[in-house]
Amino acid sequence: MQLTNIGKNKVMITHKVWNEEHNFNTDYDVYFSYSQPVVVVDWENRMVYRNDTRYSNTTSRHVKEFLRLTNRFDGDTIIDRWQLKHVNEETINELSKGPGGHTYARLQ
């Protein structure tokens with residue numbers, strides 16, 4: 001696991017996930033605005049999850065920045081072979097636990 005401070009009140013946690021079938025690591029990134037997970041990128045399954053719960057203007061701006069940082073979009077359109085899924089707060093909190101179920105939701 002790697003913790004990256006992206007900016008004021010913005011953090012990304014990267015989990016390295018071993019893929020037995022292909023014999024290499026893939027990333028599983030969780031982006032936090034303040035202490036709330038808002039974007040999860042599952043590189044192995046080519047899925048970007050976005051928390052649709054509205055918190056504040058600043059968090060909404062962070063979400064847009066995180067989506068740009070994933071580099072999976074061409075403008076506002078997700079690139080081929082990737083999917084964007086809008087999820088609620090409960091689901092994003094579960095996804096933020098990462099593979100293996102480690103709890104990192106709601107950084108303290």
# chains A, B, ... in the order shown; residues from 1 in each chain; ligands from 1
call {"tool": "select_by_dssp", "arguments": {"residues": "chain A", "states": "strand (DSSP E)", "output": "VMD selection string"}}
result
chain A and resid 2 to 7 10 to 19 24 to 33 36 to 42 47 to 51 73 to 74 77 to 78 83 to 87
call {"tool": "write_last_selection", "arguments": {"atoms": "C-alpha atoms", "output": "compact mmCIF listing (two decimals), in the first residue's frame"}}
result
# COMPACT_ATOMS: atom_id res chain seq x y z
CA GLN A 2 1.23 3.48 -0.87
CA LEU A 3 -0.18 6.74 0.48
CA THR A 4 0.18 9.80 -1.79
CA ASN A 5 -0.71 13.34 -0.73
CA ILE A 6 -2.11 14.93 -3.89
CA GLY A 7 -2.79 18.33 -2.35
CA LYS A 10 -6.62 15.24 -1.14
CA VAL A 11 -5.06 11.80 -0.71
CA MET A 12 -4.69 8.69 -2.85
CA ILE A 13 -4.06 5.20 -1.48
CA THR A 14 -2.68 2.68 -3.96
CA HIS A 15 -2.98 -1.02 -3.25
CA LYS A 16 -0.78 -3.40 -5.26
CA VAL A 17 -2.81 -6.44 -6.29
CA TRP A 18 -1.09 -9.63 -7.46
CA ASN A 19 -2.68 -11.19 -10.54
CA PHE A 24 2.04 -9.26 -12.48
CA ASN A 25 0.75 -6.55 -10.13
CA THR A 26 -2.12 -4.20 -10.87
CA ASP A 27 -3.13 -1.12 -8.94
CA TYR A 28 -6.29 -0.43 -7.01
CA ASP A 29 -6.47 3.31 -6.25
CA VAL A 30 -8.72 5.02 -3.70
CA TYR A 31 -9.00 8.82 -3.84
CA PHE A 32 -10.07 10.71 -0.71
CA SER A 33 -11.43 14.23 -0.38
CA GLN A 36 -14.23 10.62 2.54
CA PRO A 37 -13.43 8.17 -0.28
CA VAL A 38 -14.95 9.59 -3.47
CA VAL A 39 -13.29 7.78 -6.42
CA VAL A 40 -11.98 4.21 -6.72
CA VAL A 41 -10.03 2.93 -9.74
CA ASP A 42 -9.84 -0.85 -10.19
CA MET A 47 -13.58 0.10 -13.68
CA VAL A 48 -13.79 3.62 -12.25
CA TYR A 49 -16.25 4.07 -9.37
CA ARG A 50 -17.51 7.53 -8.52
CA ASN A 51 -19.33 8.45 -5.30
CA PHE A 73 -11.08 9.93 -19.76
CA ASP A 74 -10.97 11.79 -23.05
CA THR A 77 -15.98 10.56 -21.99
CA ILE A 78 -14.42 7.42 -20.52
CA GLN A 83 -16.41 1.64 -17.43
CA LEU A 84 -17.56 4.42 -15.12
CA LYS A 85 -19.99 3.37 -12.42
CA HIS A 86 -21.82 5.87 -10.19
CA VAL A 87 -22.27 4.44 -6.70
call {"tool": "residues_around", "arguments": {"residues": "segment 54-61 of chain A", "least_positions_apart": "2", "cutoff": "8 Å", "atoms": "only C-alpha atoms", "output": "PyMOL selection string"}}
result
chain A and resi 33-34+52+63-65
call {"tool": "write_last_selection", "arguments": {"atoms": "N, CA and C atoms", "output": "CSV table (one decimal), in the first residue's frame"}}
result
chain,number,residue,atom,x,y,z
A,33,SER,N,-11.3,12.8,-0.6
A,33,SER,CA,-11.4,14.2,-0.4
A,33,SER,C,-11.7,14.4,1.1
A,34,TYR,N,-10.9,15.2,1.8
A,34,TYR,CA,-10.9,15.3,3.2
A,34,TYR,C,-10.8,13.8,3.8
A,52,ASP,N,-21.5,9.3,-5.8
A,52,ASP,CA,-22.5,10.3,-6.3
A,52,ASP,C,-23.1,11.1,-5.1
A,63,VAL,N,-13.5,15.7,-6.8
A,63,VAL,CA,-13.9,14.5,-7.6
A,63,VAL,C,-13.5,14.7,-9.1
A,64,LYS,N,-13.8,15.9,-9.6
A,64,LYS,CA,-13.5,16.2,-11.0
A,64,LYS,C,-12.0,16.1,-11.3
A,65,GLU,N,-11.2,16.6,-10.3
A,65,GLU,CA,-9.7,16.5,-10.4
A,65,GLU,C,-9.3,15.1,-10.4
call {"tool": "select_by_dssp", "arguments": {"residues": "chain A", "states": "helix (DSSP H, G or I)", "output": "CSV table (one decimal) with C-alpha atoms, in the first residue's frame"}}
result
chain,number,residue,atom,x,y,z
A,57,ASN,CA,-18.4,22.4,-3.7
A,58,THR,CA,-14.8,21.7,-2.8
A,59,THR,CA,-15.3,17.9,-2.7
A,60,SER,CA,-17.2,18.1,-6.0
A,61,ARG,CA,-14.1,19.9,-7.5
A,62,HIS,CA,-11.8,17.3,-6.0
A,63,VAL,CA,-13.9,14.5,-7.6
A,64,LYS,CA,-13.5,16.2,-11.0
A,65,GLU,CA,-9.7,16.5,-10.4
A,66,PHE,CA,-9.4,12.9,-9.4
A,67,LEU,CA,-11.3,11.7,-12.5
A,68,ARG,CA,-8.8,13.7,-14.6
A,69,LEU,CA,-5.9,12.2,-12.6
A,89,GLU,CA,-21.7,6.4,-0.2
A,90,GLU,CA,-22.1,2.9,1.3
A,91,THR,CA,-20.8,1.2,-1.8
A,92,ILE,CA,-17.8,3.6,-2.2
A,93,ASN,CA,-16.9,3.0,1.5
A,94,GLU,CA,-17.0,-0.8,0.9
A,95,LEU,CA,-14.9,-0.4,-2.3
call {"tool": "atom_distance", "arguments": {"atom1": "atom CA of Pro99 of chain A", "atom2": "atom CA of Thr70 of chain A"}}
result
18.4 Å
call {"tool": "closest_residue", "arguments": {"among": "A:Asp80, A:Glu21, A:Asn9, A:Thr53", "to": "Ser35 of chain A", "atoms": "only C-alpha atoms"}}
result
A:Asn9
